[in-house]
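Q: You'll find target-v6.cif just under this line, and it carries mmCIF, C-alpha atoms.
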data_input
loop_
_atom_site.label_atom_id
_atom_site.label_comp_id
_atom_site.auth_asym_id
_atom_site.auth_seq_id
_atom_site.Cartn_x
_atom_site.Cartn_y
_atom_site.Cartn_z
CA MET O 1 -8.47 2.50 -20.24
CA GLU O 2 -7.43 5.88 -21.61
CA ALA O 3 -4.32 5.91 -19.38
CA LEU O 4 -3.39 2.43 -20.58
CA LEU O 5 -3.95 3.51 -24.17
CA ASN O 6 -1.70 6.55 -23.79
CA GLU O 7 1.12 4.38 -22.44
CA LEU O 8 0.65 1.95 -25.31
CA LEU O 9 0.72 4.60 -28.01
CA HIS O 10 4.18 5.72 -26.87
CA GLU O 11 5.49 2.27 -27.80
CA LEU O 12 4.01 2.22 -31.32
CA ALA O 13 5.83 3.84 -34.21
CA ASP O 14 2.99 3.86 -36.76
CA PHE O 15 -0.63 3.16 -35.92
CA VAL O 16 -4.22 3.85 -36.86
CA LEU O 17 -6.57 4.64 -33.97
CA VAL O 18 -10.24 3.71 -34.26
CA PRO O 19 -12.30 5.72 -33.43
CA ALA O 20 -9.96 8.45 -34.63
CA PRO O 21 -8.52 10.93 -32.08
CA GLY O 22 -10.97 13.72 -31.32
CA ASP O 23 -13.99 11.78 -32.45
CA GLY O 24 -14.58 10.24 -29.01
CA ALA O 25 -17.80 8.44 -28.38
CA GLU O 26 -19.45 10.19 -31.30
CA ARG O 27 -17.32 8.16 -33.69
CA GLY O 28 -18.29 4.97 -31.95
CA SER O 29 -21.97 5.92 -32.06
CA LEU O 30 -22.73 5.19 -35.68
CA VAL O 31 -25.60 6.81 -37.51
CA VAL O 32 -26.94 4.19 -39.88
CA ALA O 33 -29.62 4.87 -42.44
CA PRO O 34 -32.91 3.16 -41.68
CA PRO O 35 -33.53 -0.06 -43.60
CA ALA O 36 -35.42 -0.04 -46.86
CA PRO O 37 -39.12 -0.89 -46.62
CA VAL O 38 -39.79 -4.60 -46.76
CA PRO O 39 -41.53 -5.53 -50.02
CA SER O 40 -45.05 -6.81 -49.73
CA SER O 41 -45.50 -10.55 -49.56
CA PRO O 42 -45.99 -12.26 -52.95
CA TRP O 43 -47.78 -15.10 -51.23
CA GLY O 44 -51.55 -15.24 -51.19
CA GLY O 45 -53.95 -16.92 -48.84
CA ALA O 46 -54.45 -16.66 -45.11
CA LEU O 47 -51.27 -18.56 -44.11
CA ASP O 48 -47.68 -17.91 -45.07
CA PRO O 49 -45.46 -20.88 -45.94
CA ILE O 50 -43.14 -22.21 -43.22
CA LEU O 51 -39.51 -21.66 -44.15
CA ASP O 52 -37.01 -23.97 -42.45
CA TYR O 53 -33.55 -23.79 -43.94
CA ASP O 54 -31.41 -23.04 -40.85
CA ASP O 55 -27.83 -24.09 -41.47
CA GLY O 56 -27.26 -24.68 -37.76
CA LEU O 57 -24.48 -22.08 -37.47
CA SER O 58 -26.47 -19.01 -36.50
CA ALA O 59 -25.97 -19.63 -32.80
CA PHE O 60 -22.18 -19.51 -33.22
CA SER O 61 -21.96 -16.19 -35.02
CA ALA O 62 -20.32 -13.52 -32.87
CA VAL O 63 -21.89 -10.71 -34.86
CA ARG O 64 -25.44 -10.40 -36.09
CA THR O 65 -25.39 -9.13 -39.65
CA ARG O 66 -28.10 -7.13 -41.26
CA THR O 67 -31.27 -9.14 -41.76
CA ALA O 68 -32.09 -9.53 -45.40
CA ALA O 69 -35.67 -9.59 -46.61
CA VAL O 70 -36.80 -13.19 -47.04
CA PRO O 71 -39.46 -13.88 -49.64
CA GLY O 72 -42.48 -15.36 -48.06
CA THR O 73 -42.41 -13.44 -44.79
CA ARG O 74 -45.30 -11.30 -43.77
CA ALA O 75 -44.80 -7.61 -44.45
CA SER O 76 -44.26 -5.58 -41.32
CA ALA O 77 -44.54 -1.93 -40.57
CA PRO O 78 -41.38 0.07 -41.30
CA ASP O 79 -39.07 0.37 -38.27
CA ASP O 80 -37.45 3.77 -37.86
CA SER O 81 -34.86 2.50 -35.36
CA PRO O 82 -31.27 2.37 -36.74
CA GLU O 83 -29.66 -0.97 -37.52
CA GLU O 84 -27.06 -2.45 -35.24
CA PRO O 85 -23.48 -1.71 -36.38
CA THR O 86 -21.68 -4.69 -37.90
CA ILE O 87 -18.21 -5.79 -38.88
CA HIS O 88 -18.69 -4.02 -42.23
CA ASP O 89 -19.31 -0.67 -40.52
CA LEU O 90 -16.13 -1.08 -38.50
CA ALA O 91 -14.16 -2.14 -41.58
CA ASP O 92 -15.36 0.90 -43.58
CA ARG O 93 -14.21 3.25 -40.83
CA ILE O 94 -10.79 1.57 -40.65
CA VAL O 95 -10.41 1.85 -44.43
CA LYS O 96 -11.21 5.55 -44.20
CA GLU O 97 -8.49 6.05 -41.57
CA LEU O 98 -5.95 4.03 -43.56
CA GLY O 99 -6.50 6.21 -46.61
CA ASP O 100 -4.60 3.96 -49.06
CA GLU O 101 -5.99 2.41 -52.21
CA ALA O 102 -7.19 -1.11 -52.86
CA SER O 103 -5.54 -3.34 -55.43
CA ASP O 104 -6.75 -3.10 -59.04
CA GLU O 105 -8.55 -6.45 -59.05
CA ASN O 106 -10.42 -5.64 -55.81
CA ARG O 107 -11.06 -1.95 -56.40
CA GLY O 108 -14.57 -1.04 -55.41
CA HIS O 109 -14.88 -3.67 -52.71
CA THR O 110 -16.23 -2.25 -49.46
CA GLY O 111 -16.84 -3.54 -45.99
CA VAL O 112 -14.68 -6.25 -44.54
CA GLU O 113 -13.66 -7.59 -47.99
CA GLY O 114 -12.23 -4.23 -48.95
CA LEU O 115 -10.36 -3.91 -45.67
CA LEU O 116 -8.89 -7.40 -45.89
CA ASP O 117 -7.71 -6.68 -49.44
CA ARG O 118 -5.81 -3.61 -48.26
CA LEU O 119 -4.30 -5.41 -45.28
CA THR O 120 -3.13 -8.50 -47.17
CA THR O 121 -1.87 -6.88 -50.37
CA PRO O 122 1.90 -7.58 -50.48
CA GLY O 123 3.85 -4.36 -50.09
CA GLY O 124 0.78 -2.32 -49.29
CA PRO O 125 1.27 0.55 -46.84
CA SER O 126 -1.47 -0.79 -44.58
CA ALA O 127 0.51 -3.92 -43.76
CA THR O 128 3.11 -2.00 -41.75
CA ARG O 129 0.70 -0.10 -39.50
CA VAL O 130 -0.88 -1.22 -36.23
CA ILE O 131 -4.67 -0.89 -36.30
CA LEU O 132 -5.81 -0.19 -32.76
CA VAL O 133 -9.54 -0.46 -32.04
CA ARG O 134 -10.94 1.10 -28.88
CA GLY O 135 -13.55 -1.54 -28.20
CA TRP O 136 -15.11 0.26 -25.23
CA GLN O 137 -16.21 3.04 -27.61
CA GLU O 138 -17.73 0.68 -30.13
CA GLN O 139 -21.46 0.01 -30.11
CA ALA O 140 -20.75 -3.58 -31.20
CA PRO O 141 -17.46 -4.66 -29.55
CA THR O 142 -17.86 -8.17 -30.96
CA ALA O 143 -17.38 -6.75 -34.46
CA ALA O 144 -13.71 -6.19 -33.66
CA THR O 145 -13.23 -9.77 -32.48
CA GLU O 146 -15.00 -11.06 -35.59
CA LEU O 147 -12.58 -8.98 -37.64
CA LEU O 148 -9.72 -10.72 -35.80
CA ARG O 149 -11.10 -14.07 -36.88
CA ARG O 150 -11.59 -13.03 -40.49
CA LEU O 151 -8.16 -11.42 -40.71
CA SER O 152 -6.45 -14.50 -39.28
CA ALA O 153 -8.15 -16.79 -41.81
CA THR O 154 -7.35 -14.46 -44.72
CA VAL O 155 -3.69 -14.12 -43.76
CA LYS O 156 -3.35 -17.90 -43.69
CA ALA O 157 -5.06 -18.23 -47.08
CA VAL O 158 -2.80 -15.60 -48.66
CA GLY O 159 0.31 -17.17 -47.08
CA LEU O 160 1.95 -14.01 -45.80
CA PRO O 161 5.16 -14.56 -43.80
CA PRO O 162 5.03 -13.50 -40.11
CA GLU O 163 7.10 -10.35 -40.62
CA ARG O 164 4.69 -9.04 -43.29
CA ARG O 165 1.40 -9.86 -41.63
CA PRO O 166 -0.93 -6.99 -40.68
CA ARG O 167 -1.35 -6.24 -37.00
CA LEU O 168 -4.71 -5.58 -35.36
CA LEU O 169 -4.93 -4.70 -31.67
CA VAL O 170 -8.30 -4.59 -29.90
CA LEU O 171 -8.65 -2.99 -26.46
CA ALA O 172 -11.90 -3.95 -24.78
CA THR O 173 -13.46 -4.54 -21.39
CA SER O 174 -14.64 -8.00 -20.45
CA ALA O 175 -18.15 -6.63 -19.89
CA GLY O 176 -18.52 -5.99 -23.63
CA LEU O 177 -17.43 -9.45 -24.74
CA PRO O 178 -18.85 -12.94 -24.32
CA VAL O 179 -17.30 -14.71 -21.34
CA GLU O 180 -15.90 -17.58 -23.41
CA LEU O 181 -14.53 -15.42 -26.25
CA PRO O 182 -10.91 -14.89 -25.05
CA GLU O 183 -10.36 -18.64 -24.79
CA GLN O 184 -11.93 -19.20 -28.20
CA ILE O 185 -9.78 -16.73 -30.13
CA ALA O 186 -6.46 -17.43 -28.38
CA ARG O 187 -4.28 -19.15 -30.99
CA GLU O 188 -0.71 -19.05 -32.19
CA ASP O 189 -1.43 -15.96 -34.30
CA ILE O 190 -3.83 -14.22 -31.91
CA GLY O 191 -2.55 -13.33 -28.46
CA VAL O 192 -4.91 -12.47 -25.60
CA HIS O 193 -3.41 -10.20 -22.93
CA TRP O 194 -5.29 -9.44 -19.73
CA TRP O 195 -4.81 -6.30 -17.65
CA TRP O 196 -4.68 -8.68 -14.71
CA GLY O 197 -1.77 -8.87 -12.34
CA ALA O 198 -0.11 -6.10 -14.33
CA LEU O 199 0.66 -4.03 -11.23
CA GLY O 200 3.35 -5.14 -8.79
CA ARG O 201 4.70 -4.16 -5.41
CA LEU O 202 7.09 -1.63 -6.94
CA ASP O 203 4.20 0.17 -8.68
CA THR O 204 2.29 0.55 -5.41
CA ALA O 205 5.42 1.54 -3.49
CA THR O 206 6.18 4.26 -6.04
CA VAL O 207 2.68 5.72 -5.80
CA VAL O 208 2.80 5.69 -1.99
CA ALA O 209 6.25 7.28 -1.81
CA MET O 210 5.17 10.11 -4.12
CA ALA O 211 1.95 10.73 -2.16
CA ARG O 212 3.37 10.75 1.38
CA PRO O 213 4.02 14.19 2.97
CA ARG O 214 7.62 15.28 3.46
CA PRO O 215 9.01 13.87 6.75
CA SER O 216 9.74 16.12 9.72
CA GLY O 217 11.41 15.61 13.10
CA PRO O 218 14.56 13.67 14.05
CA ALA O 219 15.89 12.26 10.82
CA ALA O 220 16.73 8.65 11.74
CA ARG O 221 13.64 8.06 13.88
CA HIS O 222 11.25 9.60 11.39
CA GLN O 223 12.82 7.87 8.42
CA LEU O 224 12.29 4.50 10.07
CA LEU O 225 8.69 5.28 11.05
CA GLU O 226 8.09 6.50 7.50
CA ALA O 227 9.56 3.31 6.03
CA VAL O 228 7.19 1.24 8.16
CA ALA O 229 4.23 3.46 7.23
CA GLN O 230 4.91 3.22 3.50
CA ALA O 231 5.40 -0.54 3.68
CA THR O 232 2.06 -0.78 5.52
CA VAL O 233 0.14 1.21 2.90
CA VAL O 234 1.67 -0.89 0.13
CA GLU O 235 0.77 -4.15 1.85
CA VAL O 236 -2.76 -3.11 2.81
CA CYS O 237 -3.77 -1.54 -0.52
CA GLY O 238 -2.00 -3.89 -2.91
CA PRO O 239 -2.90 -3.22 -6.57
CA PHE O 240 -5.53 -0.56 -5.82
CA LEU O 241 -3.39 2.47 -6.53
CA ASP O 242 -6.14 5.06 -6.05
CA LEU O 243 -6.79 3.84 -2.51
CA ALA O 244 -3.05 3.64 -1.81
CA ALA O 245 -2.50 7.26 -2.86
CA ARG O 246 -5.42 8.54 -0.75
CA LEU O 247 -4.42 6.54 2.32
CA ALA O 248 -0.80 7.68 1.99
CA ILE O 249 -1.91 11.31 2.10
CA VAL O 250 -4.33 11.24 5.05
CA TRP O 251 -2.98 8.51 7.35
CA ASP O 252 -0.71 9.53 10.25
CA GLY O 253 1.42 6.40 9.90
CA PHE O 254 0.58 4.74 13.23
CA PRO O 255 -0.97 1.26 13.17
CA ASP O 256 -3.75 1.85 15.72
CA SER O 257 -5.46 4.47 13.56
CA LEU O 258 -5.25 2.59 10.26
CA PRO O 259 -8.51 0.53 10.45
CA ALA O 260 -10.59 3.61 11.28
CA GLN O 261 -8.91 5.67 8.56
CA LEU O 262 -9.52 2.91 6.04
CA ARG O 263 -13.20 2.81 6.99
CA LEU O 264 -13.49 6.55 6.37
CA LEU O 265 -11.87 6.29 2.94
CA THR O 266 -13.90 3.29 1.80
CA GLY O 267 -17.23 4.27 3.34
CA GLY O 268 -17.24 1.25 5.62
CA PRO O 269 -19.30 1.04 8.84
CA LEU O 270 -18.32 2.92 11.96
CA PRO O 271 -17.23 0.81 14.94
CA GLU O 272 -20.54 1.23 16.81
CA GLN O 273 -22.44 0.17 13.68
CA THR O 274 -20.30 -2.86 12.97
CA ALA O 275 -22.06 -6.17 13.32
CA VAL O 276 -20.40 -9.26 14.74
CA PRO O 277 -18.13 -10.47 11.94
CA GLY O 278 -19.00 -13.75 10.32
CA PRO O 279 -16.57 -16.41 9.15
CA ARG O 280 -13.65 -14.90 7.30
CA ARG O 281 -13.22 -15.58 3.62
CA PRO O 282 -9.98 -17.54 3.21
CA GLU O 283 -7.29 -15.78 1.24
CA PRO O 284 -6.34 -17.75 -1.90
CA ILE O 285 -2.85 -19.21 -1.92
CA ALA O 286 -2.21 -18.53 -5.59
CA ALA O 287 -3.95 -16.57 -8.33
CA LEU O 288 -4.98 -17.59 -11.81
CA LEU O 289 -3.12 -16.26 -14.82
CA HIS O 290 -6.32 -14.51 -15.93
CA PRO O 291 -9.72 -13.99 -14.31
CA ASN O 292 -12.16 -16.80 -14.93
CA ALA O 293 -15.89 -16.36 -15.34
CA SER O 294 -16.58 -16.42 -11.60
CA LEU O 295 -14.01 -13.68 -10.87
CA ARG O 296 -14.78 -11.27 -13.70
CA PRO O 297 -17.80 -9.52 -12.11
CA GLU O 298 -15.66 -8.38 -9.16
CA TRP O 299 -12.72 -7.63 -11.44
CA ASP O 300 -14.89 -5.49 -13.73
CA LEU O 301 -15.94 -3.44 -10.69
CA GLY O 302 -12.32 -2.91 -9.61
CA ARG O 303 -12.69 -4.95 -6.41
CA LEU O 304 -10.38 -7.83 -7.30
CA ASP O 305 -7.02 -8.27 -8.99
CA ARG O 306 -3.89 -10.37 -9.00
CA TRP O 307 -1.00 -8.79 -7.09
CA ASP O 308 2.27 -10.24 -5.89
CA GLY O 309 1.19 -13.69 -7.07
CA ARG O 310 -2.08 -13.75 -5.10
CA LEU O 311 -5.68 -12.71 -5.47
CA ARG O 312 -6.33 -9.45 -3.65
CA HIS O 313 -9.75 -8.09 -2.69
CA ARG O 314 -10.14 -4.35 -2.34
CA PRO O 315 -10.33 -3.42 1.37
CA ASP O 316 -13.69 -1.87 2.23
CA GLY O 317 -13.42 -1.32 5.99
CA ALA O 318 -16.04 -3.95 6.82
CA ALA O 319 -15.74 -6.01 9.99
CA GLU O 320 -14.82 -9.22 8.20
CA HIS O 321 -11.91 -7.44 6.49
CA GLU O 322 -10.38 -5.93 9.63
CA HIS O 323 -8.54 -9.14 10.50
CA SER O 324 -7.07 -9.18 7.01
CA VAL O 325 -5.98 -5.54 7.40
CA ARG O 326 -4.25 -6.24 10.71
CA THR O 327 -2.55 -9.26 9.17
CA ARG O 328 -1.19 -7.04 6.42
CA ILE O 329 0.02 -4.51 9.00
CA TRP O 330 1.99 -7.34 10.58
CA LEU O 331 3.38 -8.39 7.18
CA ALA O 332 4.54 -4.85 6.51
CA GLN O 333 6.21 -4.54 9.92
CA ASN O 334 7.92 -7.88 9.34
CA HIS O 335 9.21 -6.65 5.99
CA ALA O 336 10.50 -3.34 7.34
CA LEU O 337 11.69 -4.24 10.87
CA LEU O 338 12.95 -7.83 10.92
CA PRO O 339 16.23 -7.04 9.10
CA LEU O 340 16.88 -4.21 11.59
CA LEU O 341 16.04 -6.47 14.54
CA ASP O 342 18.50 -9.09 13.29
CA GLU O 343 21.17 -6.44 12.91
CA ALA O 344 20.48 -5.14 16.44
CA ARG O 345 20.73 -8.70 17.81
CA GLU O 346 24.14 -9.17 16.20
CA GLN O 347 25.35 -5.90 17.70
CA PHE O 348 24.10 -6.85 21.16
CA THR O 349 26.15 -10.05 21.17
CA GLU O 350 29.19 -7.82 21.66
CA VAL O 351 27.58 -6.37 24.80
CA ILE O 352 26.92 -9.91 26.06
CA GLY O 353 30.58 -10.81 25.56
CA VAL O 354 31.72 -7.78 27.54
CA ARG O 355 29.16 -8.15 30.36
CA SER O 356 29.41 -11.93 30.77
CA ARG O 357 30.36 -13.23 34.25
CA LEU O 358 31.16 -16.70 32.92
CA PRO O 359 34.03 -17.96 30.81
CA ARG O 360 33.20 -17.99 27.14
CA PRO O 361 33.02 -21.83 26.79
CA GLU O 362 30.68 -22.12 29.79
CA LEU O 363 28.46 -19.31 28.51
CA ALA O 364 28.30 -20.98 25.11
CA ALA O 365 27.37 -24.32 26.68
CA LEU O 366 24.42 -22.76 28.53
CA TYR O 367 23.09 -20.28 25.98
CA GLY O 368 24.72 -21.03 22.64
CA GLN O 369 27.62 -19.55 20.74
CA GLN O 370 27.92 -15.82 21.31
CA ALA O 371 27.68 -14.87 17.62
CA GLU O 372 24.49 -16.95 17.21
CA MET O 373 22.81 -16.26 20.55
CA GLU O 374 19.13 -15.37 20.24
CA LEU O 375 17.54 -12.42 22.05
CA GLY O 376 15.56 -14.75 24.30
CA MET O 377 18.69 -16.57 25.45
CA MET O 378 20.43 -13.23 26.09
CA TRP O 379 17.50 -12.18 28.27
CA ARG O 380 17.57 -15.49 30.13
CA ALA O 381 21.30 -15.09 30.80
CA HIS O 382 20.60 -11.63 32.21
CA LEU O 383 17.83 -12.94 34.50
CA GLN O 384 20.07 -15.78 35.73
CA GLY O 385 22.76 -13.27 36.63
CA HIS O 386 25.28 -14.75 34.23
CA VAL O 387 25.37 -11.46 32.30
CA ARG O 388 25.40 -8.17 34.19
CA LEU O 389 23.70 -5.43 32.13
CA THR O 390 23.22 -1.79 32.96
CA GLN O 391 19.62 -0.58 33.22
CA PRO O 392 19.65 1.11 29.78
CA GLU O 393 21.14 -2.06 28.26
CA ALA O 394 18.51 -4.24 29.95
CA ASN O 395 15.73 -1.96 28.72
CA ARG O 396 17.11 -2.11 25.21
CA LEU O 397 17.35 -5.91 25.28
CA ARG O 398 13.81 -6.22 26.69
CA THR O 399 12.39 -4.05 23.92
CA LEU O 400 14.21 -5.99 21.20
CA ARG O 401 13.10 -9.34 22.64
CA VAL O 402 9.43 -8.42 23.11
CA SER O 403 9.22 -6.88 19.62
CA ARG O 404 10.87 -9.90 18.01
CA ASN O 405 8.56 -12.32 19.84
CA LYS O 406 5.42 -10.43 18.78
CA LEU O 407 6.39 -10.39 15.13
CA ALA O 408 7.44 -14.04 15.27
CA HIS O 409 3.95 -14.92 16.59
CA ARG O 410 2.11 -13.00 13.81
CA THR O 411 1.17 -10.09 16.07
CA SER O 412 1.61 -6.54 14.82
CA LEU O 413 3.13 -3.83 17.01
CA ASP O 414 0.75 -1.17 18.31
CA ASN O 415 1.63 2.53 18.53
CA ILE O 416 3.49 2.31 21.85
CA ALA O 417 5.44 -0.83 20.93
CA LEU O 418 6.36 0.55 17.52
CA GLU O 419 7.60 3.87 18.87
CA GLY O 420 9.57 2.10 21.61
CA LEU O 421 11.27 -0.19 19.11
CA VAL O 422 12.06 2.65 16.72
CA HIS O 423 13.59 4.63 19.58
CA VAL O 424 15.80 1.67 20.50
CA LEU O 425 16.84 0.97 16.92
CA CYS O 426 17.75 4.62 16.30
CA SER O 427 19.65 5.20 19.57
#
Turn the structure described in the file into structure tokens.
A:
Amino acid sequence: MEALLNELLHELADFVLVPAPGDGAERGSLVVAPPAPVPSSPWGGALDPILDYDDGLSAFSAVRTRTAAVPGTRASAPDDSPEEPTIHDLADRIVKELGDEASDENRGHTGVEGLLDRLTTPGGPSATRVILVRGWQEQAPTAATELLRRLSATVKAVGLPPERRPRLLVLATSAGLPVELPEQIAREDIGVHWWWGALGRLDTATVVAMARPRPSGPAARHQLLEAVAQATVVEVCGPFLDLAARLAIVWDGFPDSLPAQLRLLTGGPLPEQTAVPGPRRPEPIAALLHPNASLRPEWDLGRLDRWDGRLRHRPDGAAEHEHSVRTRIWLAQNHALLPLLDEAREQFTEVIGVRSRLPRPELAALYGQQAEMELGMMWRAHLQGHVRLTQPEANRLRTLRVSRNKLAHRTSLDNIALEGLVHVLCS
């Protein structure tokens, strides 16, 4: 949250931060004077009267205000515990940070009324500043959302044009707010923005590239292996940048060692302790625009997010996740190697034209046009003796064909296959 806040503050020209910088949690932990003693009951007799004047709206209030003494209630012992902070406590602290004066007709107003007067006074200095409330440091985060409601209603009543309306920005975690609140307050004048799906493939790729050690060895070969390794870390870790950075540092870049390395980083079970995996949880096809109530517990714990248009669960090295990890290794190899395989196939068509023992029309009738001939058809022509290849050329074609077939059938390349293909592509 602090990192997100720092990025946000760079985009704001003039703002008021609540709690103020340097106050930290102490500013959010209010010290409220204990309530005044409750006066003794004026009622006599053994039974107090039954008071029933509920207006039916108490259940819908987002903030519990201070409880006033009601005549007719039995006197109770004084409670030394501090009162819960309310919207008025938050408003008083915002007014103090604003530092400007109220209008003459509303001078002396405190609490939320005093704050709303300052924010809606035409031409007042408060109207041009962004009030940013750090909800995770507030003892009563719902006070900030109640202030949003009150401010919206007051702005409409005053009739301020959009360009002169005050701006209030509340940063909060979903754990501190009622589940249904974001949907309730989302209106044309109140926007709800989720830190959900905010990270993309480029963000993860940047973190991985900065964390990987400097390459060594033959330049072309190592650069290609490194490209595959970085694509694999990006695909496996998705939006979980902390895991991506750690894996990029410690992993050797070869696919066979990735599951074990991931188990070490995530504290997952060792292979000999792994139970028989149960049915795999299907990966969702598409993700919601924001986390619903069923997803928020995992999202709050940092185990779920939206990335690249899909829901992504944080890898934990468990047996049921290993299939998903290997699938993502295959996706990364597809992304990094298929364009190079297609380029190598196009180049090898020239070798087929030179080594062919058949006239070009006859060769095309049996195996397709030379420029469009697939690796499998080239290999078949070699086996049939219609194309005479040298041993190095045959080995190269075999490697290209086997690698292409594996990736086409959703099978990732192991260490030996990957190194063999990289050697062929770089020679």
Q: Specify as a PyMOL selection string each residue included when the PyMOL selection byres ((chain O and resi 191) around 12) is applied to this file.
A: chain O and resi 145+148+152+167-170+182-190+192-194
Q: Find the spatial neighbours of His409 of chain O, counting only C-alpha atoms, within a cut-off of 12 Å - ignore same-chain residues fewer than 5 positions away - and output them as a ChimeraX atom specification.
A: /O:327,330-331,334,402-404
Q: In Å, with one decimal, what is the gap from atom CA of Pro141 of chain O to atom CA of Ile87 of chain O?
A: 9.4 Å
Q: To test your reading of the syntax: which residues would the PyMOL selection byres ((chain O and resi 287-302) around 8) return for the file shown? Reply as a ChimeraX atom specification.
A: /O:173-175,179,194,196-197,284-286,303-306,309-311,314
Q: Rank nothing, just name the residue among O:Val354, O:Leu418, O:Leu225, O:Ala248 nearest to Thr390 of chain O, using all atoms listed in the file.
A: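 So, comparing all the options, the nearest one is O:Val354.
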Q: Go ahead and find all residues with at least one atom no further than 10 Å from (20.2, -14.1, 25.4) in the file's coordinates, using only C-alpha atoms; report them as a list of chain:residue names.
A: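 Taken together, the residues in range are O:Arg345, O:Phe348, O:Thr349, O:Ile352, O:Tyr367, O:Gly368, O:Gln370, O:Glu372, O:Met373, O:Glu374, O:Leu375, O:Gly376, O:Met377, O:Met378, O:Trp379, O:Arg380, O:Ala381, O:His382, O:Leu383, O:Val387, O:Leu397, O:Arg401.
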Q: Please report the interatomic distance between atom CA of Val234 of chain O and atom CA of Ser412 of chain O in Å with one decimal.
A: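 So the two atoms, atom CA of Val234 of chain O and atom CA of Ser412 of chain O, lie 15.7 Å apart.
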Q: Skip Leu247 of chain O itself and residues of its chain fewer than 3 positions away, then list as a list in words all residues within 8 Å of it, counting only C-alpha atoms.
A: Val233, Leu243, Ala244, Val250, Trp251, Gln261, Leu262 and Leu265 of chain O
Q: For those residues, write C-alpha atoms to a file as a PDB file, keeping the file's coordinate frame.
A:
ATOM      1  CA  VAL O 233       0.140   1.210   2.900  1.00  0.00           C
ATOM      2  CA  LEU O 243      -6.790   3.840  -2.510  1.00  0.00           C
ATOM      3  CA  ALA O 244      -3.050   3.640  -1.810  1.00  0.00           C
ATOM      4  CA  VAL O 250      -4.330  11.240   5.050  1.00  0.00           C
ATOM      5  CA  TRP O 251      -2.980   8.510   7.350  1.00  0.00           C
ATOM      6  CA  GLN O 261      -8.910   5.670   8.560  1.00  0.00           C
ATOM      7  CA  LEU O 262      -9.520   2.910   6.040  1.00  0.00           C
ATOM      8  CA  LEU O 265     -11.870   6.290   2.940  1.00  0.00           C
TER       9      LEU O 265
END
Q: If you apply the PyMOL selection byres ((chain O and resi 206-213) around 8) to this file, what residues do you get, as a list in words?
A: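 Applying the PyMOL selection byres ((chain O and resi 206-213) around 8) to the structure shown produces Leu202, Asp203, Thr204, Ala205, Arg214, Pro215, Gln230, Val233, Val234, Leu241, Ala244, Ala245, Arg246, Ala248 and Ile249 of chain O.
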Q: Suppose you want the space between atom CA of Trp195 of chain O and atom CA of Arg165 of chain O; what is it in Å?
A: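 Pair atom CA of Trp195 of chain O / atom CA of Arg165 of chain O returns 25.0 Å.
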Q: Determine, using all atoms listed in the file, which residues of segment 215-249 of chain O have any atom at most 10 Å from an atom of segment 423-426 of chain O, and tabulate each with its shortest atom pair and distance in Å to one decimal place, rows ordered by chain and then rising number, as CSV.
A:
residue,atom,partner,partner_atom,distance
O:Pro218,CA,O:Cys426,CA,9.9
O:Ala219,CA,O:Cys426,CA,9.6
O:Ala220,CA,O:Cys426,CA,6.2
O:Arg221,CA,O:Cys426,CA,5.9
O:His222,CA,O:Cys426,CA,9.5
O:Gln223,CA,O:Cys426,CA,9.8
O:Leu224,CA,O:Cys426,CA,8.3
O:Leu225,CA,O:His423,CA,9.9
Q: Which residue out of O:Leu389, O:Leu177, O:Leu338, O:Ala371 has the minimum interatomic distance to Arg357 of chain O when all atoms listed in the file are used?
A: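 Among the listed residues, O:Leu389 lies closest to Arg357 of chain O.
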Q: Find, counting all atoms listed in the file, the residue in O:Leu340, O:Ala20, O:Val325, O:Leu119 that gets nearest to Leu160 of chain O.
A: O:Leu119
Q: With all atoms listed in the file as the counted atoms, please give the residues lying no more than 8 Å from Ser356 of chain O, apart from itself and same-chain residues fewer than 6 positions off, as a PyMOL selection string.
A: chain O and resi 363+386-388
Q: Hey, which of O:Thr120, O:Asn6, O:Thr266, O:Asn405 ends up closest to Ala153 of chain O? Count only C-alpha atoms.
A: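 Result for the nearest residue to Ala153 of chain O: O:Thr120.
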